[in-house]
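Data block for run05.tsv (TSV, N, CA and C atoms):
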```tsv
chain	number	residue	atom	x	y	z
A	1	MET	N	15.65	10.20	-3.60
A	1	MET	CA	14.80	9.45	-2.68
A	1	MET	C	14.58	8.04	-3.24
A	2	ILE	N	14.39	7.10	-2.35
A	2	ILE	CA	14.10	5.73	-2.76
A	2	ILE	C	12.81	5.27	-2.09
A	3	HIS	N	12.20	4.27	-2.70
A	3	HIS	CA	10.98	3.69	-2.14
A	3	HIS	C	11.31	2.98	-0.82
A	4	LYS	N	10.45	3.13	0.15
A	4	LYS	CA	10.62	2.48	1.46
A	4	LYS	C	10.29	0.99	1.36
A	5	PHE	N	9.32	0.62	0.51
A	5	PHE	CA	8.87	-0.76	0.37
A	5	PHE	C	9.32	-1.31	-0.98
A	6	LYS	N	9.48	-2.60	-1.07
A	6	LYS	CA	9.97	-3.26	-2.27
A	6	LYS	C	8.86	-4.11	-2.91
A	7	MET	N	9.08	-4.46	-4.18
A	7	MET	CA	8.16	-5.36	-4.87
A	7	MET	C	8.06	-6.68	-4.08
A	8	ARG	N	6.85	-7.24	-4.04
A	8	ARG	CA	6.54	-8.51	-3.37
A	8	ARG	C	6.65	-8.45	-1.85
A	9	GLN	N	6.91	-7.27	-1.28
A	9	GLN	CA	6.93	-7.13	0.18
A	9	GLN	C	5.50	-7.15	0.70
A	10	MET	N	5.29	-7.76	1.86
A	10	MET	CA	3.98	-7.83	2.47
A	10	MET	C	3.80	-6.64	3.40
A	11	VAL	N	2.64	-5.98	3.27
A	11	VAL	CA	2.35	-4.76	4.05
A	11	VAL	C	0.92	-4.80	4.56
A	12	GLN	N	0.61	-3.91	5.48
A	12	GLN	CA	-0.75	-3.72	5.98
A	12	GLN	C	-1.10	-2.25	5.90
A	13	LEU	N	-2.38	-1.96	5.81
A	13	LEU	CA	-2.84	-0.58	5.88
A	13	LEU	C	-2.71	-0.09	7.31
A	14	LYS	N	-2.24	1.14	7.50
A	14	LYS	CA	-2.15	1.72	8.85
A	14	LYS	C	-3.53	2.02	9.40
A	15	GLN	N	-4.39	2.62	8.59
A	15	GLN	CA	-5.74	3.00	9.01
A	15	GLN	C	-6.72	2.58	7.93
A	16	PRO	N	-7.33	1.41	8.02
A	16	PRO	CA	-8.31	1.03	7.01
A	16	PRO	C	-9.47	2.01	6.99
A	17	GLY	N	-9.98	2.30	5.81
A	17	GLY	CA	-11.09	3.25	5.68
A	17	GLY	C	-12.39	2.67	6.23
A	18	PHE	N	-13.17	3.51	6.84
A	18	PHE	CA	-14.44	3.08	7.41
A	18	PHE	C	-15.43	2.66	6.34
A	19	THR	N	-15.36	3.25	5.16
A	19	THR	CA	-16.32	2.96	4.11
A	19	THR	C	-15.90	1.77	3.25
A	20	ASP	N	-14.68	1.28	3.43
A	20	ASP	CA	-14.19	0.17	2.61
A	20	ASP	C	-14.42	-1.14	3.34
A	21	THR	N	-15.51	-1.81	3.04
A	21	THR	CA	-15.87	-3.04	3.75
A	21	THR	C	-15.03	-4.23	3.30
A	22	ARG	N	-14.24	-4.08	2.25
A	22	ARG	CA	-13.41	-5.18	1.76
A	22	ARG	C	-12.16	-5.36	2.60
A	23	THR	N	-11.80	-4.39	3.42
A	23	THR	CA	-10.56	-4.45	4.17
A	23	THR	C	-10.83	-4.41	5.67
A	24	ASN	N	-9.87	-4.92	6.41
A	24	ASN	CA	-9.85	-4.73	7.86
A	24	ASN	C	-8.40	-4.71	8.30
A	25	SER	N	-8.13	-4.43	9.55
A	25	SER	CA	-6.76	-4.22	10.01
A	25	SER	C	-5.89	-5.46	9.90
A	26	SER	N	-6.48	-6.64	9.72
A	26	SER	CA	-5.67	-7.85	9.64
A	26	SER	C	-5.32	-8.23	8.20
A	27	ASN	N	-5.88	-7.53	7.19
A	27	ASN	CA	-5.57	-7.85	5.81
A	27	ASN	C	-4.11	-7.55	5.50
A	28	VAL	N	-3.47	-8.51	4.86
A	28	VAL	CA	-2.09	-8.36	4.43
A	28	VAL	C	-2.10	-8.22	2.92
A	29	TYR	N	-1.37	-7.25	2.41
A	29	TYR	CA	-1.29	-6.97	0.99
A	29	TYR	C	0.12	-7.21	0.50
A	30	GLU	N	0.25	-7.50	-0.78
A	30	GLU	CA	1.55	-7.63	-1.43
A	30	GLU	C	1.76	-6.42	-2.32
A	31	VAL	N	2.95	-5.83	-2.25
A	31	VAL	CA	3.28	-4.72	-3.14
A	31	VAL	C	3.49	-5.28	-4.54
A	32	VAL	N	2.69	-4.82	-5.50
A	32	VAL	CA	2.78	-5.34	-6.87
A	32	VAL	C	3.33	-4.32	-7.86
A	33	ARG	N	3.41	-3.04	-7.48
A	33	ARG	CA	3.99	-2.03	-8.37
A	33	ARG	C	4.47	-0.84	-7.56
A	34	LEU	N	5.66	-0.35	-7.90
A	34	LEU	CA	6.20	0.87	-7.32
A	34	LEU	C	5.82	2.01	-8.26
A	35	MET	N	5.24	3.05	-7.72
A	35	MET	CA	4.80	4.17	-8.54
A	35	MET	C	5.62	5.41	-8.19
A	36	PRO	N	5.65	6.39	-9.09
A	36	PRO	CA	6.47	7.59	-8.83
A	36	PRO	C	5.90	8.45	-7.71
A	37	ALA	N	6.73	9.37	-7.27
A	37	ALA	CA	6.33	10.31	-6.23
A	37	ALA	C	5.33	11.32	-6.79
A	38	ASP	N	4.46	11.79	-5.91
A	38	ASP	CA	3.50	12.83	-6.31
A	38	ASP	C	4.13	14.22	-6.13
A	39	GLN	N	3.33	15.27	-6.20
A	39	GLN	CA	3.83	16.63	-6.10
A	39	GLN	C	4.50	16.92	-4.75
A	40	THR	N	4.08	16.20	-3.72
A	40	THR	CA	4.65	16.41	-2.38
A	40	THR	C	5.93	15.61	-2.16
A	41	GLY	N	6.27	14.72	-3.10
A	41	GLY	CA	7.46	13.89	-2.97
A	41	GLY	C	7.20	12.53	-2.34
A	42	GLU	N	5.93	12.24	-2.03
A	42	GLU	CA	5.59	10.95	-1.41
A	42	GLU	C	5.34	9.90	-2.49
A	43	PHE	N	5.98	8.74	-2.34
A	43	PHE	CA	5.80	7.65	-3.30
A	43	PHE	C	4.45	6.97	-3.13
A	44	SER	N	3.98	6.34	-4.18
A	44	SER	CA	2.75	5.55	-4.15
A	44	SER	C	3.07	4.12	-4.55
A	45	TYR	N	2.14	3.22	-4.24
A	45	TYR	CA	2.30	1.79	-4.52
A	45	TYR	C	0.98	1.21	-4.98
A	46	ARG	N	1.03	0.15	-5.76
A	46	ARG	CA	-0.14	-0.68	-6.02
A	46	ARG	C	0.03	-1.89	-5.12
A	47	ILE	N	-0.99	-2.19	-4.32
A	47	ILE	CA	-0.95	-3.34	-3.43
A	47	ILE	C	-2.13	-4.23	-3.73
A	48	LYS	N	-1.97	-5.54	-3.45
A	48	LYS	CA	-3.00	-6.50	-3.80
A	48	LYS	C	-3.17	-7.54	-2.70
A	49	SER	N	-4.44	-7.90	-2.44
A	49	SER	CA	-4.79	-8.98	-1.53
A	49	SER	C	-5.94	-9.73	-2.17
A	50	GLY	N	-5.69	-10.96	-2.63
A	50	GLY	CA	-6.71	-11.70	-3.36
A	50	GLY	C	-7.08	-10.94	-4.61
A	51	PRO	N	-8.38	-10.78	-4.88
A	51	PRO	CA	-8.79	-10.04	-6.08
A	51	PRO	C	-8.76	-8.52	-5.91
A	52	THR	N	-8.53	-8.06	-4.69
A	52	THR	CA	-8.57	-6.62	-4.40
A	52	THR	C	-7.21	-5.98	-4.63
A	53	GLU	N	-7.17	-5.02	-5.55
A	53	GLU	CA	-5.95	-4.26	-5.80
A	53	GLU	C	-6.28	-2.79	-5.64
A	54	ARG	N	-5.36	-2.04	-5.04
A	54	ARG	CA	-5.62	-0.62	-4.81
A	54	ARG	C	-4.32	0.16	-4.83
A	55	ALA	N	-4.43	1.46	-5.01
A	55	ALA	CA	-3.28	2.37	-4.94
A	55	ALA	C	-3.26	3.01	-3.56
A	56	VAL	N	-2.06	3.09	-2.98
A	56	VAL	CA	-1.90	3.74	-1.67
A	56	VAL	C	-0.65	4.58	-1.69
A	57	ARG	N	-0.62	5.56	-0.79
A	57	ARG	CA	0.58	6.37	-0.61
A	57	ARG	C	1.46	5.69	0.44
A	58	GLU	N	2.74	6.01	0.40
A	58	GLU	CA	3.70	5.37	1.30
A	58	GLU	C	3.31	5.53	2.77
A	59	GLY	N	2.76	6.67	3.14
A	59	GLY	CA	2.39	6.91	4.53
A	59	GLY	C	1.17	6.14	5.00
A	60	GLU	N	0.47	5.48	4.09
A	60	GLU	CA	-0.74	4.73	4.43
A	60	GLU	C	-0.50	3.27	4.75
A	61	ILE	N	0.74	2.78	4.55
A	61	ILE	CA	1.03	1.37	4.77
A	61	ILE	C	2.22	1.19	5.70
A	62	ARG	N	2.31	-0.02	6.26
A	62	ARG	CA	3.42	-0.38	7.13
A	62	ARG	C	3.85	-1.81	6.83
A	63	SER	N	5.08	-2.16	7.20
A	63	SER	CA	5.58	-3.53	7.02
A	63	SER	C	4.85	-4.48	7.94
A	64	VAL	N	4.76	-5.71	7.52
A	64	VAL	CA	4.13	-6.75	8.35
A	64	VAL	C	5.20	-7.36	9.24
```

Could you take the file, read its structure, and then write that structure out as structure tokens?
Amino acid sequence: MIHKFKMRQMVQLKQPGFTDTRTNSSNVYEVVRLMPADQTGEFSYRIKSGPTERAVREGEIRSV
């Protein structure tokens, strides 16, 4: 399996969390690290927008 997204690719969250007031559907993030797959085989990523950096699973983001 290979990662769907690449380093420095711009992405958005598919469903921003209701409790996360730092994000909204228009925030664009940059992929800053490719992480290994979890037990289910889904890859994870570190994404960053300004000072905010977070870990997400591949199914939680989409290309811009």

Minimum-distance residue to Val56 (chain A), chosen among A:Asp38, A:Phe43, A:Gln12, A:Val28 (using all atoms listed in the file): A:Phe43

Å distance separating atom C of Met10 (chain A) from CA of Gln39 (chain A), one decimal place: 25.1 Å

Which of chain A DSSP labels strand (DSSP E), written as a PyMOL selection string: chain A and resi 10-13+29-35+44-49+52-57+61-63

Pick from A:Ser63, A:Arg57, A:Ile2, A:Arg8, whichever lies nearest to Arg33 (chain A) using all atoms listed in the file: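 With all atoms listed in the file as the atom set, the closest residue is A:Arg8.
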
From A:Tyr45, A:Glu60, A:Pro36, A:Thr52, residue lying nearest Gln9 (chain A) [only C-alpha atoms]: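 Smallest separation from Gln9 (chain A) among the options: A:Tyr45.
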
Separation of CA of Glu42 (chain A) from CA of Glu30 (chain A) in Å: 19.0 Å
